[in-house]
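For reference, the structure discussed in these notes is given below.
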Amino acid sequence: MSAKLLTYSRVLLVLLLLTVVPAAWAQRATTVRGVVIDSLTHEPLPHVAVLLAGSGTGTKTDADGKFSITTQSDFTHVRFSLLGYKAVDRDVRMGRSNRLKIELPPTSIPLEEVMVRPRKEKYSKKNNPAVDLARKLIALHRDSDSCRNAFFSQRKYEKITFAFDNFDGRMRSNALFKREPLLLSYIDTSDVTHKPILNLAIKERTIDYYSRSEPEAVREVVTGIRRSGLDGFINQDNMQAYANEMLREVDLFSNDIKLFDQQFVSPLSQYAVSFYKYYLLDTLVVEGEKCIDLGFASYNAQSFGFAGHLYVVYEDSSYFVKRARYTVPQDINMNYVSRMILQQDYQRDSLGNRVKVYDDVVAEFRIANDMPGLYARRTVYYTDFSYAPPSIEDIFDGKQREVTLPGAYERNNDFWVENRAVPLRMQEDAIGMISTRLLEIPAVKWTAKVLRTLISGYVATHPVEDESRFDFGSITTFISGNSIEGLRLKLSGTTTARLHPRLFASGYVGYGFDDNKWKYGAALEYSFNDKRHSAVEYPIRSIKAYYGYDLNYLSQRYLHTQRDNFVLSLRRGPDYNATYMRNCGVNFKYEFAGGFSLELGLRNERQESTPYLPFEVKQPDGSINTLSHFSQTMGEVCLSYSPTEKFFTSYGERRAISSDAPVVTLRHTFALKGLLSDYTYHHTELAASKRFRMSKLGYADLILKAGKVWNDVPYPLLIIPFANMSYTVQPESYTLLSPMEFIFDQYASWDLTYFANGLLFNHIPYINKWRLREVVTFRGIYGTIRDNNFYPDQTGLFLFNKDWNVKRMNGMPYMEVGVGIDNILSVLRIEYVFRVTYRDTPGVDKGGLRVGLHLTF
């Protein structure tokens with residue numbers, strides 16, 4: 001009986017399995033998720049209808065073009081549709097999770113000729129009406145430019161916004177906003193990306209713009225400046241300079257468009273037809289005028305180009321561009337910028353000239369996908385166009401392009417209500433309160449303080465940077481090491497303009513544990529014009545006195561890095577070729593408007609010998625006399641010209657925002673024997689540097705120098721090429737040169753670095769996903785030395801160290817070439833450097849790897 005019961009039980013179990021399992025399988029859910037993008041621009045498309053055909057179930061994409069839907073209902077396929085785009089159907093696997101990437105093609109309509117649709121295959125420039133239209137736009141785009149008139153003026157209202165980006169549910173549930181729920185009521189929505197944002201800072205400016213065609217001149221008079229937000233934790237002048245350079249106003253009709261220190265090919269460039277694909281897409285009405293939608297996209301999505309739309313007035317013989325709206329491709333070889341949208345609107349004035357009335361650049365930044373992003377937007381409105389001569393007769397007399405009126409920062413609320421092109425929204429107007437509440441939160445306050453310290457390199461002694469009277473730094477020099485000192489500890493600091501707007505003091509004290517010597521220095525500087533933060537703000541018009549005692553390496557001068565920066569402590573070999581120098585002096589510097597500067601200096605240098613570098617002089621009787629020191633009192637005159645150079649300023653340092661500006665410097669140093677000097681000395685040096693942009697081919701940085709010492713002097717006063725003993729990339733320093741390998745009294749040098757911006761890597765499958773970039777360096781120096789300086793044993797000068805093996809050049813310059821990969825993980829550069837000449841010199845490095853760390857877009 002029990003056996004039959006067991007059999008019946010097994011049969012019943014099988015029947016249950018045969019009926020329940022298929023039913024459960026049939027009811028298994030189907031999930032469809034993914035993203036919908038424009039097939040031409042690859043820009044995410046919001047509000048796309050996603051319909052599960054046959055089920056009546058659907059959803060819409062969010063602001064990022066993303067969607068997700070789960071159902072247990074049966075359906076035949078998924079349809080994606082949006083007005084202005086061709087609908088796309090896609091089959092999916094039922095009862096599974098499906099991840100899709102949908103590209104919706106813009107709708108094309110007949111325009112009496114064969115339309116070219118945005119397809120990847122079979123694109124041809126020949127007999128292509130879209131390309132013909134693009135060529136006509138390129139040929140005629142300058143004919144109606146308003147700036148071609150004798151005079152032109154306009155008024156600009158500029159608004160720059162910085163905000164936390166994409167405040168989704170995860171951000172809203174953050175502990176920060178649970179603690180301050182009131183902040184959630186001030187969340188704004190971008191009218192471009194349609195994402196929720198929390199404004200952090202807003203900068204407004206009103207500008208009167210004037211231009212003249214003959215002789216060509218442009219002046220901008222800033223009449224009003226208003227800033228609100230996180231002022232205390234961000235240097236506002238630096239932020240404004242950075243925004244002006246990175247988020248530039250766009251000239252669509254130029255060959256190249258510069259944004260984020262990168263040069264993009266304009267869709268109306270003279271060579272755009274070989275860089276972009278063009279498509280005739282649709283006709284539509286833009287502000288009351290019927291326009292042709294001319295789409296464009298770069299041939300290679302990784303290249304520095306755009307994808308978007310030009311709206312050209314229909315049946316217009318001048319081919320007037322009414323609007324341009326475009327973005328950067330998602331696959332572009334660019335760092336940190338996850339999305340960028342640009343738009344320019346144009347109108348005809350009463351004379352038929354083209355004037356720009358609106359310029360908008362929106363960028364979203366994200367270091368990593370799982371981190372909160374930053375939203376930045378620069379919007380400019382243009383009004384009050386005129387072709388009359390300026391009422392201010394001397395408006396073009398100055399050499400400075402931009403001038404800020406004295407009362408620009410003190411404009412009252414009535415001024416801004418009258419001069420804003422558009423009123424501020426409630427969320428924007430409340431930004432002062434938002435920043436105050438945020439900075440009251442300890443976690444936010446300390447995070448901001450740490451970030452500010454890492455960026456500036458200085459530790460403020462007040463929680464709010466603008467209130468700090470004395471700051472310690474630079475922190476990168478607190479601990480370092482070298483062959484003579486071993487471990488070196490240093491403490492340094494400087495006063496700020498908060499203590500006094502014209503008087504600045506700085507100093508340091510350091511100690512070397514191997515040489516057991518204290519080093520120190522102090523400086524006092526008086527500025528003839530008030531400063532907002534530091535003494536090095538433009539323009540420098542000051543006089544400075546200084547005194548110091550420190551180690552002086554003869555063949556190591558790092559011109560772009562502080563000499564005791566901790567990253568230079570790891571070296572490829574020892575270098576004991578140094579003296580101890582005690583110096584004091586006074587320096588006067590005056591920077592004129594337009595980029596010209598004059599510098600006058602007077603200093604006394606006392607160089608002391610070391611056990612590694614004795615000052616030995618051969619006497620007529622053959623004996624050797626060793627000197628403990630020698631002194632020089634030197635005057636110096638320096639002339640410099642850089643008409644468009646712009647800087648970050650941080651305490652005693654200036655860093656160029658961009659290297660595009662040409663910089664030319666002429667310097668002469670002199671001393672007279674017997675006038676507090678042991679030797680007559682004249683040294684002249686000329687230097688020039690410039691970044692050359694080559695559009696889609698990348699860019700190159702070139703530095704040229706030449707110099708001559710006119711007298712017979714001991715080797716510490718001669719020209720000693722800089723040997724880079726570190727494993728880092730250092731411009732104007734020779735990677736594989738040995739210390740004291742060459743000594744000159746006249747020389748010429750070059751330093752060329754070419755950044756290809758992915759010219760090759762962008763076209764290699766799989767590799768192009770890593771966004772790698774190529775870099776090539778070529779630097780060299782050629783110099784000569786007179787017999788009197790080369791044979792010091794015959795002229796009573798200091799003898800060369802026997803270990804140096806100094807030799808004259810044989811007619812061939814010293815040269816080294818480097819080939820490397822840049823932008824590894826967005827910050828790293830690895831380069832192999834090869835010594836081209838003088839490879840037979842005993843003990844020299846013939847090649848080696850070097851690294852560099854930098855942040856670049």
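Please note that chains go A, B, ... in the order of the structure tokens, that every chain numbers its residues from 1, and that ligands are numbered from 1 in the order shown.
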
What's around Thr206 (chain A) at 9 Å? Count only C-alpha atoms, leave out sequence neighbours fewer than 2 positions away in its own chain, and write the answer as a PDB file with C-alpha atoms, in the first residue's frame.
```
ATOM      1  CA  ARG A 155      26.074  95.823 -25.679  1.00  0.00           C
ATOM      2  CA  LYS A 156      26.614  92.395 -24.165  1.00  0.00           C
ATOM      3  CA  TYR A 157      25.060  90.776 -21.142  1.00  0.00           C
ATOM      4  CA  GLU A 158      26.986  87.709 -20.006  1.00  0.00           C
ATOM      5  CA  GLU A 204      27.091  88.408 -14.441  1.00  0.00           C
ATOM      6  CA  ASP A 208      30.118  97.716 -24.071  1.00  0.00           C
ATOM      7  CA  VAL A 221      34.488  98.122 -21.502  1.00  0.00           C
ATOM      8  CA  VAL A 222      33.115  96.120 -18.559  1.00  0.00           C
ATOM      9  CA  THR A 223      30.484  98.355 -16.974  1.00  0.00           C
ATOM     10  CA  GLY A 224      29.084  95.968 -14.374  1.00  0.00           C
ATOM     11  CA  ILE A 225      30.183  92.815 -12.501  1.00  0.00           C
ATOM     12  CA  ALA A 408      31.811  97.963 -11.998  1.00  0.00           C
ATOM     13  CA  TRP A 416      21.002  94.854 -12.821  1.00  0.00           C
ATOM     14  CA  ASN A 419      20.559  95.774 -17.771  1.00  0.00           C
ATOM     15  CA  ARG A 420      19.822  92.053 -17.524  1.00  0.00           C
TER      16      ARG A 420
END
```

Mind the document's chain letters and residue numbers, and return as a ChimeraX atom specification the residues of region 596-752 of chain A that DSSP labels helix (DSSP H, G or I).
-> /A:695-697,715-717

Write the residues of the selection above to a file with C-alpha atoms, as a CSV table (one decimal), in the first residue's frame.
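Once everything was written out, this is selection-v6.csv:
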```csv
chain,number,residue,atom,x,y,z
A,695,SER,CA,43.3,72.5,-36.2
A,696,LYS,CA,42.6,68.8,-36.8
A,697,LEU,CA,46.3,68.0,-36.8
A,715,TYR,CA,82.5,78.6,-15.2
A,716,PRO,CA,79.7,79.5,-12.6
A,717,LEU,CA,79.1,82.6,-14.7
```

In region 672-763 of chain A, DSSP strand (DSSP E or B) residues written as an MDAnalysis selection string | chainID A and resid 681:693 699:709 719 723 726 728 734 744 746:755

Would you write out those residues with C-alpha atoms, as a compact mmCIF listing (two decimals), in the first residue's frame?
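Full text of again-v5.txt as output:
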```txt
# COMPACT_ATOMS: atom_id res chain seq x y z
CA TYR A 681 80.50 90.32 -16.88
CA HIS A 682 78.00 90.86 -19.71
CA HIS A 683 75.38 88.26 -20.55
CA THR A 684 72.65 88.77 -23.18
CA GLU A 685 69.79 86.36 -23.79
CA LEU A 686 66.83 86.36 -26.21
CA ALA A 687 63.90 83.94 -25.84
CA ALA A 688 60.63 83.38 -27.69
CA SER A 689 57.82 80.86 -27.20
CA LYS A 690 54.51 80.17 -28.93
CA ARG A 691 51.88 77.48 -29.31
CA PHE A 692 50.98 76.77 -32.92
CA ARG A 693 47.50 75.39 -33.51
CA TYR A 699 49.21 71.67 -31.91
CA ALA A 700 52.88 72.26 -31.22
CA ASP A 701 54.70 74.21 -28.49
CA LEU A 702 57.95 75.83 -29.59
CA ILE A 703 60.56 77.53 -27.39
CA LEU A 704 63.61 79.19 -28.97
CA LYS A 705 66.53 80.70 -27.05
CA ALA A 706 69.93 82.21 -27.79
CA GLY A 707 72.49 83.82 -25.53
CA LYS A 708 76.06 85.03 -25.24
CA VAL A 709 78.51 85.77 -22.43
CA ILE A 719 76.18 79.10 -19.86
CA ALA A 723 70.31 68.61 -17.18
CA SER A 726 64.47 63.69 -12.49
CA THR A 728 59.61 63.64 -14.95
CA TYR A 734 67.58 68.05 -21.32
CA PHE A 744 79.31 77.49 -23.44
CA GLN A 746 77.34 81.42 -26.58
CA TYR A 747 74.51 79.12 -27.60
CA ALA A 748 71.21 78.62 -29.43
CA SER A 749 68.56 76.08 -28.39
CA TRP A 750 65.12 74.81 -29.30
CA ASP A 751 62.42 72.82 -27.55
CA LEU A 752 59.60 71.50 -29.72
CA THR A 753 56.70 69.40 -28.41
CA TYR A 754 54.00 68.19 -30.79
CA PHE A 755 50.65 67.00 -29.43
```

Mind checking which residues fall within 9 Å of Gly486 (chain A), counting only C-alpha atoms, ignoring those fewer than 6 positions away in the same chain, and posting them as a PyMOL selection string?
-> chain A and resi 480+512-515

Tell me which protein, DNA and RNA residues are within 8 Å of Phe504 (chain A), counting only C-alpha atoms, leaving out same-chain ones fewer than 6 positions away, and put them as a ChimeraX atom specification.
-> /A:494-497,524-526,534-535

So how many Å separate CA of Lys449 (chain A) and CA of Phe478 (chain A), to one decimal?
->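 Value for the CA of Lys449 (chain A)-CA of Phe478 (chain A) distance: 18.8 Å.
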
Near region 829-831 of chain A, within 10 Å and counting only C-alpha atoms, which residues show up once chain neighbours fewer than 6 positions away are dropped, as a list in words?
->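 Here the qualifying residues turn out to be Thr728, Val729, Leu772, Arg773, Glu774, Val775, Val776, Thr777, Val817, Gly818, Val819, Gly820, Ile821, Asp822, Asn823, Gly848, Leu849, Arg850, Val851, Gly852, Leu853 and His854 of chain A.
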
Near region 541-556 of chain A, counting only C-alpha atoms, which residues have an atom at most 7 Å away, once you skip same-chain residues fewer than 4 positions from it, shown as an NGL selection string?
-> :A and (519-529 or 577-591 or 716 or 720-724 or 739-740)
